[in-house]
Each structure stands twice: as structure tokens, then as C-alpha cells.
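Below: target-v8.pdb (PDB, C-alpha atoms)
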ATOM      1  CA  MET A 153     -53.020 148.568 137.483
ATOM      2  CA  THR A 154     -54.829 145.493 138.741
ATOM      3  CA  TYR A 155     -55.506 144.645 142.362
ATOM      4  CA  SER A 156     -53.820 141.324 143.123
ATOM      5  CA  ASN A 157     -55.048 138.619 145.484
ATOM      6  CA  ALA A 158     -51.936 139.173 147.621
ATOM      7  CA  GLU A 159     -52.798 142.891 147.910
ATOM      8  CA  LEU A 160     -56.307 141.882 148.988
ATOM      9  CA  ILE A 161     -54.776 139.859 151.844
ATOM     10  CA  HIS A 162     -52.539 142.745 152.957
ATOM     11  CA  ASP A 163     -55.488 145.182 152.893
ATOM     12  CA  TYR A 164     -57.669 142.692 154.781
ATOM     13  CA  ALA A 165     -55.075 142.251 157.549
ATOM     14  CA  ASP A 166     -54.533 145.998 157.856
ATOM     15  CA  THR A 167     -58.215 147.012 157.829
ATOM     16  CA  ILE A 168     -59.680 144.267 159.997
ATOM     17  CA  TRP A 169     -56.858 143.501 162.419
ATOM     18  CA  ASN A 170     -54.668 146.613 162.590
ATOM     19  CA  LYS A 171     -57.383 149.258 162.252
ATOM     20  CA  GLY A 172     -60.069 147.174 163.984
ATOM     21  CA  GLN A 173     -62.709 147.861 161.324
ATOM     22  CA  VAL A 174     -64.464 144.506 161.682
ATOM     23  CA  ASP A 175     -67.592 146.046 160.134
ATOM     24  CA  GLN A 176     -65.618 146.218 156.853
ATOM     25  CA  LEU A 177     -65.298 142.421 156.612
ATOM     26  CA  GLY A 178     -67.753 142.351 153.694
ATOM     27  CA  ARG A 179     -65.259 144.292 151.557
ATOM     28  CA  PHE A 180     -62.931 141.285 151.718
ATOM     29  CA  MET A 181     -65.130 138.236 152.287
ATOM     30  CA  ALA A 182     -67.977 136.703 150.281
ATOM     31  CA  ALA A 183     -71.358 136.458 152.007
ATOM     32  CA  ASP A 184     -71.102 132.648 152.099
ATOM     33  CA  VAL A 185     -67.431 132.530 153.170
ATOM     34  CA  ARG A 186     -66.201 129.361 154.907
ATOM     35  CA  MET A 187     -63.353 129.361 157.395
ATOM     36  CA  TYR A 188     -61.723 126.099 158.420
ATOM     37  CA  GLY A 189     -59.152 125.285 161.064
ATOM     38  CA  LEU A 190     -56.976 122.219 160.910
ATOM     39  CA  GLY A 191     -58.172 120.816 164.225
ATOM     40  CA  GLY A 192     -61.316 119.131 162.926
ATOM     41  CA  GLU A 193     -63.645 121.729 164.451
ATOM     42  CA  PRO A 194     -66.733 122.702 162.440
ATOM     43  CA  PRO A 195     -66.154 125.505 159.925
ATOM     44  CA  ILE A 196     -67.352 129.039 160.473
ATOM     45  CA  ILE A 197     -69.851 129.609 157.668
ATOM     46  CA  GLY A 198     -71.183 132.949 156.485
ATOM     47  CA  LEU A 199     -70.134 136.550 156.796
ATOM     48  CA  ASP A 200     -72.306 137.296 159.852
ATOM     49  CA  LYS A 201     -70.878 134.394 161.871
ATOM     50  CA  LEU A 202     -67.329 135.248 160.781
ATOM     51  CA  ARG A 203     -67.886 138.886 161.749
ATOM     52  CA  GLN A 204     -68.996 137.778 165.237
ATOM     53  CA  GLU A 205     -66.026 135.441 165.660
ATOM     54  CA  THR A 206     -63.525 137.990 164.330
ATOM     55  CA  ALA A 207     -64.868 140.648 166.718
ATOM     56  CA  ARG A 208     -64.529 138.146 169.583
ATOM     57  CA  TRP A 209     -60.968 137.175 168.612
ATOM     58  CA  ARG A 210     -59.915 140.762 168.080
ATOM     59  CA  GLY A 211     -61.577 141.750 171.363
ATOM     60  CA  MET A 212     -59.134 139.526 173.246
ATOM     61  CA  TYR A 213     -56.489 142.198 172.625
ATOM     62  CA  ALA A 214     -56.303 145.744 173.987
ATOM     63  CA  ASP A 215     -54.373 146.404 170.813
ATOM     64  CA  ALA A 216     -53.663 144.145 167.877
ATOM     65  CA  THR A 217     -51.184 144.176 165.051
ATOM     66  CA  MET A 218     -51.264 141.635 162.267
ATOM     67  CA  THR A 219     -48.175 141.512 160.113
ATOM     68  CA  VAL A 220     -48.297 139.576 156.868
ATOM     69  CA  MET A 221     -44.796 138.132 156.744
ATOM     70  CA  SER A 222     -45.033 136.594 153.271
ATOM     71  CA  THR A 223     -47.512 135.567 150.611
ATOM     72  CA  VAL A 224     -47.449 133.042 147.791
ATOM     73  CA  SER A 225     -50.170 133.503 145.222
ATOM     74  CA  GLU A 226     -51.173 131.154 142.443
ATOM     75  CA  ASP A 227     -54.371 131.371 140.408
ATOM     76  CA  ASP A 228     -57.220 131.848 142.914
ATOM     77  CA  ARG A 229     -55.275 130.941 146.070
ATOM     78  CA  VAL A 230     -53.010 132.859 148.398
ATOM     79  CA  ALA A 231     -50.966 131.205 151.127
ATOM     80  CA  TRP A 232     -49.893 133.701 153.733
ATOM     81  CA  HIS A 233     -47.705 133.563 156.817
ATOM     82  CA  TRP A 234     -48.704 136.021 159.517
ATOM     83  CA  THR A 235     -47.942 137.166 163.036
ATOM     84  CA  LEU A 236     -50.613 138.566 165.365
ATOM     85  CA  SER A 237     -49.220 140.551 168.274
ATOM     86  CA  GLY A 238     -50.903 142.504 171.010
ATOM     87  CA  THR A 239     -51.680 142.915 174.667
ATOM     88  CA  ILE A 240     -54.277 140.686 176.324
ATOM     89  CA  ALA A 241     -57.269 142.946 177.046
ATOM     90  CA  ASP A 242     -58.389 141.132 180.207
ATOM     91  CA  THR A 243     -55.729 139.737 182.530
ATOM     92  CA  GLY A 244     -58.436 137.331 183.768
ATOM     93  CA  MET A 245     -57.777 135.440 180.544
ATOM     94  CA  LEU A 246     -54.286 134.655 181.779
ATOM     95  CA  MET A 247     -53.676 131.609 183.922
ATOM     96  CA  PRO A 248     -53.836 132.423 187.652
ATOM     97  CA  ASN A 249     -50.059 132.189 188.078
ATOM     98  CA  MET A 250     -49.647 134.968 185.463
ATOM     99  CA  ARG A 251     -52.431 137.404 186.436
ATOM    100  CA  GLN A 252     -50.768 139.255 189.296
ATOM    101  CA  LEU A 253     -47.417 139.262 187.506
ATOM    102  CA  ALA A 254     -49.048 140.801 184.414
ATOM    103  CA  ARG A 255     -50.623 143.519 186.555
ATOM    104  CA  GLU A 256     -47.205 144.334 187.983
ATOM    105  CA  ILE A 257     -45.266 143.821 184.730
ATOM    106  CA  PRO A 258     -47.629 144.765 181.854
ATOM    107  CA  GLN A 259     -45.220 143.393 179.237
ATOM    108  CA  LEU A 260     -46.142 139.875 180.397
ATOM    109  CA  ALA A 261     -49.613 140.407 178.901
ATOM    110  CA  GLN A 262     -48.079 141.046 175.481
ATOM    111  CA  ILE A 263     -48.291 138.018 173.239
ATOM    112  CA  SER A 264     -47.435 137.065 169.696
ATOM    113  CA  VAL A 265     -48.980 134.232 167.702
ATOM    114  CA  VAL A 266     -47.735 132.952 164.350
ATOM    115  CA  GLY A 267     -49.968 131.310 161.772
ATOM    116  CA  MET A 268     -50.504 130.294 158.171
ATOM    117  CA  THR A 269     -53.647 130.762 156.117
ATOM    118  CA  ILE A 270     -54.611 129.568 152.659
ATOM    119  CA  SER A 271     -57.283 131.815 151.156
ATOM    120  CA  THR A 272     -59.337 131.125 148.041
ATOM    121  CA  VAL A 273     -60.387 134.272 146.177
ATOM    122  CA  GLN A 274     -63.173 134.548 143.610
ATOM    123  CA  ASP A 275     -64.429 137.775 142.051
ATOM    124  CA  GLY A 276     -62.189 139.850 144.332
ATOM    125  CA  LYS A 277     -63.431 138.365 147.619
ATOM    126  CA  ILE A 278     -62.229 135.595 149.901
ATOM    127  CA  THR A 279     -64.608 132.639 149.647
ATOM    128  CA  GLU A 280     -62.743 130.115 151.792
ATOM    129  CA  GLU A 281     -59.906 130.074 154.296
ATOM    130  CA  THR A 282     -58.021 127.360 156.088
ATOM    131  CA  THR A 283     -55.996 128.676 159.015
ATOM    132  CA  GLN A 284     -53.581 127.124 161.466
ATOM    133  CA  SER A 285     -51.890 129.018 164.270
ATOM    134  CA  ASP A 286     -49.427 128.072 166.957
ATOM    135  CA  VAL A 287     -51.955 127.432 169.727
ATOM    136  CA  ALA A 288     -49.355 125.746 171.956
ATOM    137  CA  GLU A 289     -47.216 128.891 171.923
ATOM    138  CA  PHE A 290     -50.266 131.056 172.668
ATOM    139  CA  LEU A 291     -51.173 128.882 175.670
ATOM    140  CA  LYS A 292     -47.581 129.017 176.908
ATOM    141  CA  GLN A 293     -47.597 132.817 176.699
ATOM    142  CA  ILE A 294     -50.776 133.105 178.790
ATOM    143  CA  GLY A 295     -49.233 130.849 181.440
ATOM    144  CA  TYR A 296     -50.777 127.495 180.659
ATOM    145  CA  PRO A 297     -48.587 124.921 182.392
ATOM    146  CA  THR A 298     -46.480 122.703 180.227
ATOM    147  CA  PRO A 299     -46.330 119.029 181.156
ATOM    148  CA  GLN A 300     -43.293 118.060 183.154
ATOM    149  CA  LEU A 301     -41.368 115.054 181.930
ATOM    150  CA  PRO A 302     -39.816 112.723 184.503
ATOM    151  CA  GLN A 303     -36.243 113.651 185.352
ATOM    152  CA  ASP A 304     -34.977 110.180 184.416
ATOM    153  CA  GLY A 305     -36.306 110.523 180.858
ATOM    154  CA  GLY A 306     -39.352 108.366 181.577
ATOM    155  CA  HIS A 307     -37.439 105.178 182.449
ATOM    156  CA  ALA A 308     -38.555 103.233 185.515
TER     157      ALA A 308
END
What's the C-alpha cells form of this structure?
Amino acid sequence: MTYSNAELIHDYADTIWNKGQVDQLGRFMAADVRMYGLGGEPPIIGLDKLRQETARWRGMYADATMTVMSTVSEDDRVAWHWTLSGTIADTGMLMPNMRQLAREIPQLAQISVVGMTISTVQDGKITEETTQSDVAEFLKQIGYPTPQLPQDGGHA
């Protein structure tokens, strides 16, 4: 039985995100891995830098669960739709209007973010990823104010 690229993605999500074994990142990622976002920010390059960033991202949650909703695999690429859910580890990360409420109602610190990633796999390891997540929904869940539109629909 061969180990598919889609299975690699499922094992990666389970080991790194669900079990919190960030030190195992090298099992899944090449030493010179590159991770891109779609916002034009500089890529994260190299396993050490990615390990630091992943530990920081994962550390935002008191608990974290990544669910791989679906995968599409073709040749050396896997596109995967995921959901990351958990409880914000530090209520200070929430907007001020949410902090006290989250202390009183802990469920308010529980968030869920949806995203898509395209991973390139070579020799059984991820060499490149491009990821996009629903940042607007994340900000809304931590209490970031949404802009208010004029009541008259913007007409003067």
C-alpha cells in the first residue's frame, strides 16, 4: 500500500494541529519549504522559520482542532479545505468589548476559521504551500468592529 499525498495532508493536520507536535514538522515539510499567503506578504521560508510561526499560531489557542474537510489531489499537488477551531488562549487577544464577556461566557472565546491550502509535495514532503483563510470572519469572532454603513444606503 502506498502513502498518498492526501494521506500526508491528513497526517500533517492531525500531528501538528490536533496533537500539537510542532517539533514533528520535519516529518511533513522539506527543509527549504516555502509558505505563501494570498495577501502579498513575504513568504515564510525554511523549516525553522515555519516551525516558529506554526508554534506561534498554534499557541493562540488553548486547544486546537484542525479538520480536513476535503482534498483534491493531482500529480504533486493537493488542494485541501480545512477548518481550524479552538478556544483563544489569552482573552487579551480579544477586542476590549469582548474580553469581559468571554471571561463570563467562555464559549465566546471559541472560534472557528475556514481556509484553503494548495500544497506541493516532492519525495514525500511538502515543499510549498499557498494558504488563504477567512481572516474577516476571524476578526469578527474576536470582536473586531465591522464598519457601519449609513442607514440611507450611502445616499446624501
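Shortest atom-to-atom contact with Ala183 (chain A) among A:Val220, A:Lys201, A:Thr167, A:Ala231: A:Lys201, counting all atoms listed in the file.
Nearest to Thr282 (chain A) of all the residues A:Glu226, A:Asp242, A:Glu193, A:Asp163 is A:Glu193, based on only C-alpha atoms.
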(message) Ranking A:Asp215, A:Asp175, A:Asp227, A:Asp184 by minimum distance to Arg203 (chain A) and counting only C-alpha atoms, which one comes first?
(response) A:Asp175
(message) Going by the chain IDs and residue numbers used in this file, which residues fall under the PyMOL selection byres ((chain A and resi 274-276) around 12)? Write them as a list in words.
(response)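 After applying the PyMOL selection byres ((chain A and resi 274-276) around 12), what remains is Thr154, Tyr155, Ser156, Asn157, Ala158, Glu159, Leu160, Ile161, Tyr164, Gly178, Arg179, Phe180, Met181, Ala182, Ala183, Asp184, Val185, Asp227, Asp228, Arg229, Val230, Ser271, Thr272, Val273, Lys277, Ile278, Thr279 and Glu280 of chain A.
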(message) Just to confirm, what's the straight-line distance from CA of Leu190 (chain A) to CA of Lys171 (chain A) in Å (one decimal)?
(response)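 Interatomic distance, CA of Leu190 (chain A) to CA of Lys171 (chain A): 27.1 Å.
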(message) Suppose a student applies the PyMOL selection byres ((chain A and resi 265) around 10) to this structure; what residues should they get, written as a list in words?
(response)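 In the shown coordinates, the PyMOL selection byres ((chain A and resi 265) around 10) covers Met218, Trp234, Thr235, Leu236, Ser237, Gly238, Ile263, Ser264, Val266, Gly267, Ser285, Asp286, Val287, Ala288, Glu289, Phe290, Leu291 and Gln293 of chain A.
Relative to CA of Gln284 (chain A), CA of Glu205 (chain A) is found at 15.5 Å.
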(request) Work out how far CA of Ala207 (chain A) is from CA of Val174 (chain A), in Å to one decimal. (result)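 Separation between CA of Val174 (chain A) and CA of Ala207 (chain A): 6.4 Å.
In terms of minimum interatomic distance to Trp209 (chain A), A:Trp169 ranks closest within A:Thr223, A:Gln262, A:Glu281, A:Trp169, counting only C-alpha atoms.
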(request) For each of A:Gly191, A:Gly198, A:Gly211, A:Pro248, take the minimum atom-to-atom distance to Gly172 (chain A), counting only C-alpha atoms, then give the residue where this is smallest. (result) A:Gly211
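Minimum atom-to-atom distances from A:Ile270, A:Ala216, A:His233, A:Ala241 to Asn170 (chain A) were compared using all atoms listed in the file, and the lowest value belongs to A:Ala216.
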